[in-house]
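The structure under discussion appears below in the form of structure tokens.
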Amino acid sequence: MMAMNAMNHISGIAIANAININNNNVKAFFTGSKPAFLTASSSDFNGVRLDNHPQQFQTNKLSYKSRGRVEITASSSSVPPKKILIMGGTRFIGVYLSRLLVKAGHEVTLFTRGKSPVTQKLAGETDQEYAEFSSKVLHIKGDRQDFEFLKTKLSASGFDVVYDINGREAVEVEPILDALPNIEQYIYCSSAGVYLKSDILPHFETDAVDPKSRHKGKLNTENLLTTRGVNWTSLRPVYIYGPLNYNPVEEWFFHRLKAGRPIPIPKSGLQMTQLGHVKDLARAFLMVLGNEKASKQVYNISGAKYVTFSGLAKACAKAAGFPEPDIVHYNPKEFDFGKKKSFPLRDQHFFTSIEKAQTDLGWKPEFDLVKGLTDSYNLDFGRGTFRKEPDFSVDDMILNRTLVLQS
């Protein structure tokens, strides 16, 4: 175990050197008790100073205002009104993107299976704001896997732009392109998971991709859009977080913090990763609309700083007003978890450069990590809403083994 920790410590230092961090920053990064962050590029983004946090189990209250709404900038509202189709749109990314598009004056239609309400009121949103938004959203009910229905329904629609939020395979996109031969722009939600694993980080948009990735369908879609000669733009988020997140990212930590349980983290906890707030992602989606610089381009979109696994656990506690957690490290190879996941993030260094989006689009994240996690907690988990009930069975396997070894 000591050898393993030593190797992870060396690996962490090597990766820090690879992204040109000076020795003082490396020392502070690895030895500090505060959540560990590294900047994602040479941007001018800086974190905000946070006040002390209240006691455990109380909704955290910071000096900034937590709001369900997201703001429109002058540059994003300069595009003439478009007739826009969003594939998906009733949960998470689409919930925030559709609001931005409606506020910018576009006609927005959601294509969904109709299993969820077409719109929902957000925490922090006034009745008037919600009523104004929901009255302007149109809906097409259907299954995108029914290709003939899809082509028939869209062929006479005259949509100018498609935002494909939930597309996973190229075959799902072909009928849309067939139905809309004169489309002005196809904006696609891809994933940073397409990059080939590398010891040299951060990932840039020009880095090698992994044809065997579980996200290979998204790669195939980007290739299809290129071969079809469509004006397209693809965004590659890393880990997305924020209110209404249906993936157990911050929620996984919040459940354990609320229960007062230790946080099990694989290996040394120095693995570095990157999270981006859903509202910052929604703004990026808006800013590529009608943007000539974004034509046939791929953009990494995430937060401005990287964070270690242990730093993320501490950041979640700070954001939600819980005491700093007790972190328990373990070696995943010593356990058989079956099909259950012991940790919500991939056990490796995984982060990207967002410099291209900052340069081309003038976009930058508005949320630093703690501020963004606070927004997520205050507008979601802290109100008693979450997607999955906690399952601590895997945690107990880890903790019980740790206690045996200690005794």
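A note on labels: chains of the structure tokens are A, B, ... as shown, every chain counts residues from 1, and ligands are counted from 1 in their shown order.
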
Worksheet item: Could you name the residues that touch segment 240-250 of chain A at 7 Å or less, counting only C-alpha atoms, but leaving out those on the same chain fewer than 5 positions away, as a ChimeraX atom specification?
Response: /A:92,275-278,344,372-373,375-376,379-380,387

Fill in: Distance query segment 293-306 of chain A at most 7 Å, only C-alpha atoms, self and fewer than 2 positions along chain excluded, as an NGL selection string
:A and (37-41 or 45 or 192 or 205 or 231-238 or 272-277 or 281 or 288 or 291 or 351-354 or 356-357 or 360 or 365 or 368)

Write a file of the just-selected residues containing N, CA, C and O atoms, as a tab-separated table (two decimals), in the first residue's frame.
chain	number	residue	atom	x	y	z
A	37	PHE	N	-6.82	23.33	-6.28
A	37	PHE	CA	-7.24	23.71	-7.62
A	37	PHE	C	-6.04	24.12	-8.44
A	37	PHE	O	-5.07	24.68	-7.94
A	38	LEU	N	-6.10	23.89	-9.73
A	38	LEU	CA	-5.12	24.37	-10.68
A	38	LEU	C	-5.85	25.06	-11.81
A	38	LEU	O	-6.91	24.62	-12.23
A	39	THR	N	-5.30	26.14	-12.33
A	39	THR	CA	-5.99	26.85	-13.40
A	39	THR	C	-6.00	26.04	-14.68
A	39	THR	O	-5.05	25.34	-14.99
A	40	ALA	N	-7.09	26.16	-15.45
A	40	ALA	CA	-7.27	25.36	-16.65
A	40	ALA	C	-6.60	25.97	-17.87
A	40	ALA	O	-6.46	25.33	-18.88
A	41	SER	N	-6.24	27.22	-17.82
A	41	SER	CA	-5.56	27.85	-18.95
A	41	SER	C	-4.97	29.16	-18.46
A	41	SER	O	-5.00	29.47	-17.27
A	45	PHE	N	-9.49	34.38	-15.45
A	45	PHE	CA	-10.49	33.99	-14.48
A	45	PHE	C	-9.88	33.85	-13.10
A	45	PHE	O	-8.84	33.24	-12.93
A	192	ALA	N	-15.84	15.15	-23.68
A	192	ALA	CA	-14.38	15.05	-23.57
A	192	ALA	C	-13.94	13.61	-23.35
A	192	ALA	O	-12.75	13.31	-23.44
A	205	GLU	N	-8.28	20.24	-28.17
A	205	GLU	CA	-9.22	19.77	-29.19
A	205	GLU	C	-8.55	19.00	-30.31
A	205	GLU	O	-9.19	18.19	-31.00
A	231	ASN	N	-22.82	22.97	-41.69
A	231	ASN	CA	-22.19	23.94	-40.79
A	231	ASN	C	-22.48	23.48	-39.37
A	231	ASN	O	-23.60	23.59	-38.88
A	232	TRP	N	-21.47	22.93	-38.71
A	232	TRP	CA	-21.69	22.32	-37.40
A	232	TRP	C	-20.72	22.88	-36.37
A	232	TRP	O	-19.68	23.44	-36.70
A	233	THR	N	-21.10	22.71	-35.11
A	233	THR	CA	-20.23	23.04	-33.98
A	233	THR	C	-20.45	21.97	-32.92
A	233	THR	O	-21.59	21.56	-32.67
A	234	SER	N	-19.36	21.50	-32.31
A	234	SER	CA	-19.47	20.46	-31.29
A	234	SER	C	-18.79	20.92	-30.01
A	234	SER	O	-17.66	21.39	-30.03
A	235	LEU	N	-19.49	20.77	-28.90
A	235	LEU	CA	-18.93	21.09	-27.59
A	235	LEU	C	-18.63	19.81	-26.84
A	235	LEU	O	-19.44	18.87	-26.83
A	236	ARG	N	-17.45	19.77	-26.22
A	236	ARG	CA	-17.02	18.58	-25.48
A	236	ARG	C	-16.86	18.92	-23.99
A	236	ARG	O	-15.78	19.33	-23.55
A	237	PRO	N	-17.92	18.76	-23.21
A	237	PRO	CA	-17.79	18.99	-21.76
A	237	PRO	C	-16.99	17.87	-21.10
A	237	PRO	O	-16.88	16.77	-21.64
A	238	VAL	N	-16.45	18.15	-19.92
A	238	VAL	CA	-15.81	17.12	-19.12
A	238	VAL	C	-16.90	16.61	-18.18
A	238	VAL	O	-17.89	16.06	-18.63
A	272	MET	N	-6.28	14.34	-10.65
A	272	MET	CA	-6.86	15.64	-10.99
A	272	MET	C	-7.95	15.50	-12.04
A	272	MET	O	-7.81	14.76	-13.02
A	273	THR	N	-9.01	16.23	-11.85
A	273	THR	CA	-10.12	16.22	-12.79
A	273	THR	C	-10.67	17.63	-12.95
A	273	THR	O	-10.09	18.60	-12.43
A	274	GLN	N	-11.80	17.76	-13.64
A	274	GLN	CA	-12.32	19.09	-14.01
A	274	GLN	C	-13.84	19.03	-14.10
A	274	GLN	O	-14.39	18.13	-14.72
A	275	LEU	N	-14.49	19.99	-13.48
A	275	LEU	CA	-15.94	20.08	-13.53
A	275	LEU	C	-16.36	21.42	-14.11
A	275	LEU	O	-15.73	22.45	-13.85
A	276	GLY	N	-17.43	21.41	-14.90
A	276	GLY	CA	-17.97	22.63	-15.46
A	276	GLY	C	-19.44	22.78	-15.11
A	276	GLY	O	-20.20	21.81	-15.18
A	277	HIS	N	-19.83	23.99	-14.74
A	277	HIS	CA	-21.22	24.24	-14.33
A	277	HIS	C	-22.15	24.23	-15.54
A	277	HIS	O	-21.81	24.75	-16.60
A	281	LEU	N	-22.02	25.98	-19.38
A	281	LEU	CA	-22.13	25.20	-20.61
A	281	LEU	C	-23.26	25.72	-21.48
A	281	LEU	O	-23.11	25.85	-22.71
A	288	VAL	N	-22.08	29.97	-29.50
A	288	VAL	CA	-21.66	29.44	-30.80
A	288	VAL	C	-22.73	29.63	-31.86
A	288	VAL	O	-22.46	29.49	-33.06
A	291	ASN	N	-22.21	32.02	-34.89
A	291	ASN	CA	-20.85	32.54	-34.75
A	291	ASN	C	-19.96	31.94	-35.84
A	291	ASN	O	-19.72	30.73	-35.85
A	351	PHE	N	-8.59	16.05	-17.59
A	351	PHE	CA	-8.99	17.46	-17.68
A	351	PHE	C	-8.56	18.02	-19.03
A	351	PHE	O	-7.71	17.45	-19.72
A	352	THR	N	-9.14	19.14	-19.40
A	352	THR	CA	-8.94	19.71	-20.73
A	352	THR	C	-8.52	21.17	-20.65
A	352	THR	O	-8.69	21.84	-19.63
A	353	SER	N	-8.03	21.68	-21.77
A	353	SER	CA	-7.80	23.12	-21.92
A	353	SER	C	-9.06	23.74	-22.50
A	353	SER	O	-9.65	23.23	-23.46
A	354	ILE	N	-9.48	24.86	-21.92
A	354	ILE	CA	-10.65	25.57	-22.44
A	354	ILE	C	-10.24	26.87	-23.15
A	354	ILE	O	-11.07	27.73	-23.43
A	356	LYS	N	-9.27	27.54	-26.19
A	356	LYS	CA	-9.80	27.80	-27.53
A	356	LYS	C	-11.17	28.48	-27.45
A	356	LYS	O	-11.44	29.44	-28.18
A	357	ALA	N	-12.03	28.00	-26.57
A	357	ALA	CA	-13.36	28.61	-26.41
A	357	ALA	C	-13.25	30.04	-25.89
A	357	ALA	O	-14.00	30.93	-26.31
A	360	ASP	N	-11.76	32.09	-29.10
A	360	ASP	CA	-12.66	32.20	-30.26
A	360	ASP	C	-13.99	32.84	-29.91
A	360	ASP	O	-14.52	33.65	-30.67
A	365	PRO	N	-15.90	30.73	-17.91
A	365	PRO	CA	-16.80	30.29	-16.86
A	365	PRO	C	-17.11	31.41	-15.87
A	365	PRO	O	-16.21	32.17	-15.49
A	368	ASP	N	-16.77	29.67	-10.28
A	368	ASP	CA	-15.65	28.87	-9.81
A	368	ASP	C	-16.26	27.64	-9.13
A	368	ASP	O	-17.47	27.54	-8.96

Worksheet item: At what distance in Å, to one decimal, does atom CA of Leu110 of chain A lie from atom CA of Lys141 of chain A?
Response: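 These two atoms are separated by 8.3 Å.
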
Worksheet item: His329 of chain A: which residues within 9 Å, counting only C-alpha atoms, same-chain residues fewer than 4 positions away excluded, as an NGL selection string?
Response: :A and (263-269 or 398 or 402)

Only C-alpha atoms, please: the residues just picked out, written as a PDB file, in the first residue's frame.
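As written to disk, out_23.pdb reads:
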ATOM      1  CA  ILE A 263     -15.743   9.921   1.992  1.00  0.00           C
ATOM      2  CA  PRO A 264     -14.063   6.886   0.359  1.00  0.00           C
ATOM      3  CA  ILE A 265     -11.658   8.039  -2.353  1.00  0.00           C
ATOM      4  CA  PRO A 266      -9.561   5.697  -4.488  1.00  0.00           C
ATOM      5  CA  LYS A 267      -5.774   5.599  -4.132  1.00  0.00           C
ATOM      6  CA  SER A 268      -4.016   8.794  -3.033  1.00  0.00           C
ATOM      7  CA  GLY A 269      -6.830  11.205  -3.916  1.00  0.00           C
ATOM      8  CA  ILE A 398     -14.386  -0.226   2.031  1.00  0.00           C
ATOM      9  CA  THR A 402     -10.132  -0.386   6.521  1.00  0.00           C
TER      10      THR A 402
END

Practice prompt. Please run DSSP on the backbone and report, as number ranges by chain, all residues within segment 183-327 of chain A that come out as strand (DSSP E).
Written response: A: 185-189, 232-237, 239-241, 263-266, 272-273, 275-277, 297-301, 305-308, 327

With N, CA, C and O atoms retained, write the just-selected residues as a tab-separated table (two decimals), in the first residue's frame.
chain	number	residue	atom	x	y	z
A	185	GLN	N	-27.22	25.59	-39.11
A	185	GLN	CA	-26.20	25.16	-38.16
A	185	GLN	C	-26.71	23.98	-37.35
A	185	GLN	O	-27.86	23.95	-36.93
A	186	TYR	N	-25.82	23.01	-37.13
A	186	TYR	CA	-26.12	21.85	-36.29
A	186	TYR	C	-25.15	21.91	-35.12
A	186	TYR	O	-23.94	21.79	-35.29
A	187	ILE	N	-25.68	22.12	-33.92
A	187	ILE	CA	-24.85	22.30	-32.72
A	187	ILE	C	-25.00	21.06	-31.85
A	187	ILE	O	-26.11	20.71	-31.43
A	188	TYR	N	-23.89	20.42	-31.60
A	188	TYR	CA	-23.90	19.07	-31.01
A	188	TYR	C	-23.24	19.03	-29.64
A	188	TYR	O	-22.20	19.68	-29.42
A	189	CYS	N	-23.84	18.26	-28.74
A	189	CYS	CA	-23.24	18.04	-27.42
A	189	CYS	C	-22.46	16.74	-27.46
A	189	CYS	O	-23.03	15.65	-27.41
A	232	TRP	N	-21.47	22.93	-38.71
A	232	TRP	CA	-21.69	22.32	-37.40
A	232	TRP	C	-20.72	22.88	-36.37
A	232	TRP	O	-19.68	23.44	-36.70
A	233	THR	N	-21.10	22.71	-35.11
A	233	THR	CA	-20.23	23.04	-33.98
A	233	THR	C	-20.45	21.97	-32.92
A	233	THR	O	-21.59	21.56	-32.67
A	234	SER	N	-19.36	21.50	-32.31
A	234	SER	CA	-19.47	20.46	-31.29
A	234	SER	C	-18.79	20.92	-30.01
A	234	SER	O	-17.66	21.39	-30.03
A	235	LEU	N	-19.49	20.77	-28.90
A	235	LEU	CA	-18.93	21.09	-27.59
A	235	LEU	C	-18.63	19.81	-26.84
A	235	LEU	O	-19.44	18.87	-26.83
A	236	ARG	N	-17.45	19.77	-26.22
A	236	ARG	CA	-17.02	18.58	-25.48
A	236	ARG	C	-16.86	18.92	-23.99
A	236	ARG	O	-15.78	19.33	-23.55
A	237	PRO	N	-17.92	18.76	-23.21
A	237	PRO	CA	-17.79	18.99	-21.76
A	237	PRO	C	-16.99	17.87	-21.10
A	237	PRO	O	-16.88	16.77	-21.64
A	239	TYR	N	-16.80	16.82	-16.87
A	239	TYR	CA	-17.89	16.48	-15.96
A	239	TYR	C	-18.77	17.72	-15.79
A	239	TYR	O	-18.27	18.80	-15.46
A	240	ILE	N	-20.05	17.56	-15.99
A	240	ILE	CA	-21.00	18.66	-15.84
A	240	ILE	C	-21.67	18.53	-14.47
A	240	ILE	O	-22.02	17.43	-14.04
A	241	TYR	N	-21.84	19.66	-13.80
A	241	TYR	CA	-22.53	19.64	-12.52
A	241	TYR	C	-23.44	20.85	-12.44
A	241	TYR	O	-23.41	21.74	-13.28
A	263	ILE	N	-15.71	9.94	3.45
A	263	ILE	CA	-15.74	9.92	1.99
A	263	ILE	C	-14.67	8.95	1.49
A	263	ILE	O	-13.48	9.21	1.64
A	264	PRO	N	-15.07	7.81	0.90
A	264	PRO	CA	-14.06	6.89	0.36
A	264	PRO	C	-13.56	7.37	-1.00
A	264	PRO	O	-14.35	7.62	-1.91
A	265	ILE	N	-12.26	7.54	-1.12
A	265	ILE	CA	-11.66	8.04	-2.35
A	265	ILE	C	-10.55	7.09	-2.78
A	265	ILE	O	-9.69	6.73	-1.98
A	266	PRO	N	-10.55	6.68	-4.05
A	266	PRO	CA	-9.56	5.70	-4.49
A	266	PRO	C	-8.14	6.23	-4.48
A	266	PRO	O	-7.89	7.40	-4.75
A	272	MET	N	-6.28	14.34	-10.65
A	272	MET	CA	-6.86	15.64	-10.99
A	272	MET	C	-7.95	15.50	-12.04
A	272	MET	O	-7.81	14.76	-13.02
A	273	THR	N	-9.01	16.23	-11.85
A	273	THR	CA	-10.12	16.22	-12.79
A	273	THR	C	-10.67	17.63	-12.95
A	273	THR	O	-10.09	18.60	-12.43
A	275	LEU	N	-14.49	19.99	-13.48
A	275	LEU	CA	-15.94	20.08	-13.53
A	275	LEU	C	-16.36	21.42	-14.11
A	275	LEU	O	-15.73	22.45	-13.85
A	276	GLY	N	-17.43	21.41	-14.90
A	276	GLY	CA	-17.97	22.63	-15.46
A	276	GLY	C	-19.44	22.78	-15.11
A	276	GLY	O	-20.20	21.81	-15.18
A	277	HIS	N	-19.83	23.99	-14.74
A	277	HIS	CA	-21.22	24.24	-14.33
A	277	HIS	C	-22.15	24.23	-15.54
A	277	HIS	O	-21.81	24.75	-16.60
A	297	GLN	N	-16.15	23.63	-35.87
A	297	GLN	CA	-15.16	23.63	-34.80
A	297	GLN	C	-15.62	22.79	-33.61
A	297	GLN	O	-16.81	22.64	-33.35
A	298	VAL	N	-14.63	22.29	-32.88
A	298	VAL	CA	-14.85	21.57	-31.63
A	298	VAL	C	-14.31	22.43	-30.49
A	298	VAL	O	-13.25	23.04	-30.62
A	299	TYR	N	-15.05	22.47	-29.38
A	299	TYR	CA	-14.61	23.26	-28.22
A	299	TYR	C	-14.73	22.43	-26.94
A	299	TYR	O	-15.78	21.84	-26.66
A	300	ASN	N	-13.65	22.41	-26.17
A	300	ASN	CA	-13.73	21.88	-24.80
A	300	ASN	C	-14.41	22.93	-23.93
A	300	ASN	O	-14.05	24.11	-23.98
A	301	ILE	N	-15.37	22.49	-23.13
A	301	ILE	CA	-16.08	23.42	-22.25
A	301	ILE	C	-16.10	22.82	-20.84
A	301	ILE	O	-16.63	21.72	-20.62
A	305	LYS	N	-10.58	25.73	-13.52
A	305	LYS	CA	-9.54	25.14	-12.68
A	305	LYS	C	-9.71	23.63	-12.60
A	305	LYS	O	-10.81	23.10	-12.77
A	306	TYR	N	-8.60	22.96	-12.34
A	306	TYR	CA	-8.62	21.53	-12.10
A	306	TYR	C	-8.66	21.30	-10.59
A	306	TYR	O	-8.25	22.16	-9.81
A	307	VAL	N	-9.12	20.12	-10.19
A	307	VAL	CA	-9.23	19.82	-8.77
A	307	VAL	C	-8.90	18.36	-8.54
A	307	VAL	O	-9.18	17.50	-9.37
A	308	THR	N	-8.26	18.06	-7.39
A	308	THR	CA	-8.01	16.68	-7.03
A	308	THR	C	-9.29	16.04	-6.50
A	308	THR	O	-10.23	16.75	-6.10
A	327	ILE	N	-11.66	11.70	5.03
A	327	ILE	CA	-11.43	11.01	3.76
A	327	ILE	C	-10.69	9.71	4.02
A	327	ILE	O	-9.68	9.68	4.71

Worksheet item: Can you list every residue in segment 147-344 of chain A that DSSP puts in helix (DSSP H, G or I), as a PyMOL selection string?
Response: chain A and resi 147-155+170-172+174-179+192-194+216-227+250-258+278-287+292-294+309-320+332-334

Discussion item. I want to know what sits within 8 Å of Val161 of chain A, based on only C-alpha atoms, with residues of the same chain fewer than 2 positions away left out; could you give that as a count of residues only?
Written reply: 11

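Taking atom CA of Glu366 of chain A as the reference point, atom CA of Asp280 of chain A is found at 6.5 Å.
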
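Closest to Glu172 of chain A among A:Thr227, A:Thr385, A:Ser213, A:Gln145 is A:Gln145, based on only C-alpha atoms.
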
Worksheet item: Pick from A:Lys136, A:Asp143, A:Glu324, A:Leu101: nearest to Val79 of chain A, with only C-alpha atoms counted?
Response: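 Of A:Lys136, A:Asp143, A:Glu324, A:Leu101, the one nearest Val79 of chain A, counting only C-alpha atoms, is A:Leu101.
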
Worksheet entry | atom CA of Lys115 of chain A to atom CA of Thr90 of chain A, distance in Å rounded to a single decimal |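 Computed distance, atom CA of Lys115 of chain A to atom CA of Thr90 of chain A, equals 9.5 Å.
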
Practice prompt. Can you work out which one of A:Ser393, A:Asp178, A:Ala313, A:Phe133 has the shortest atom-to-atom distance to Gly338 of chain A, counting only C-alpha atoms?
Written response: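 Under the stated criterion, the closest residue is A:Ser393.
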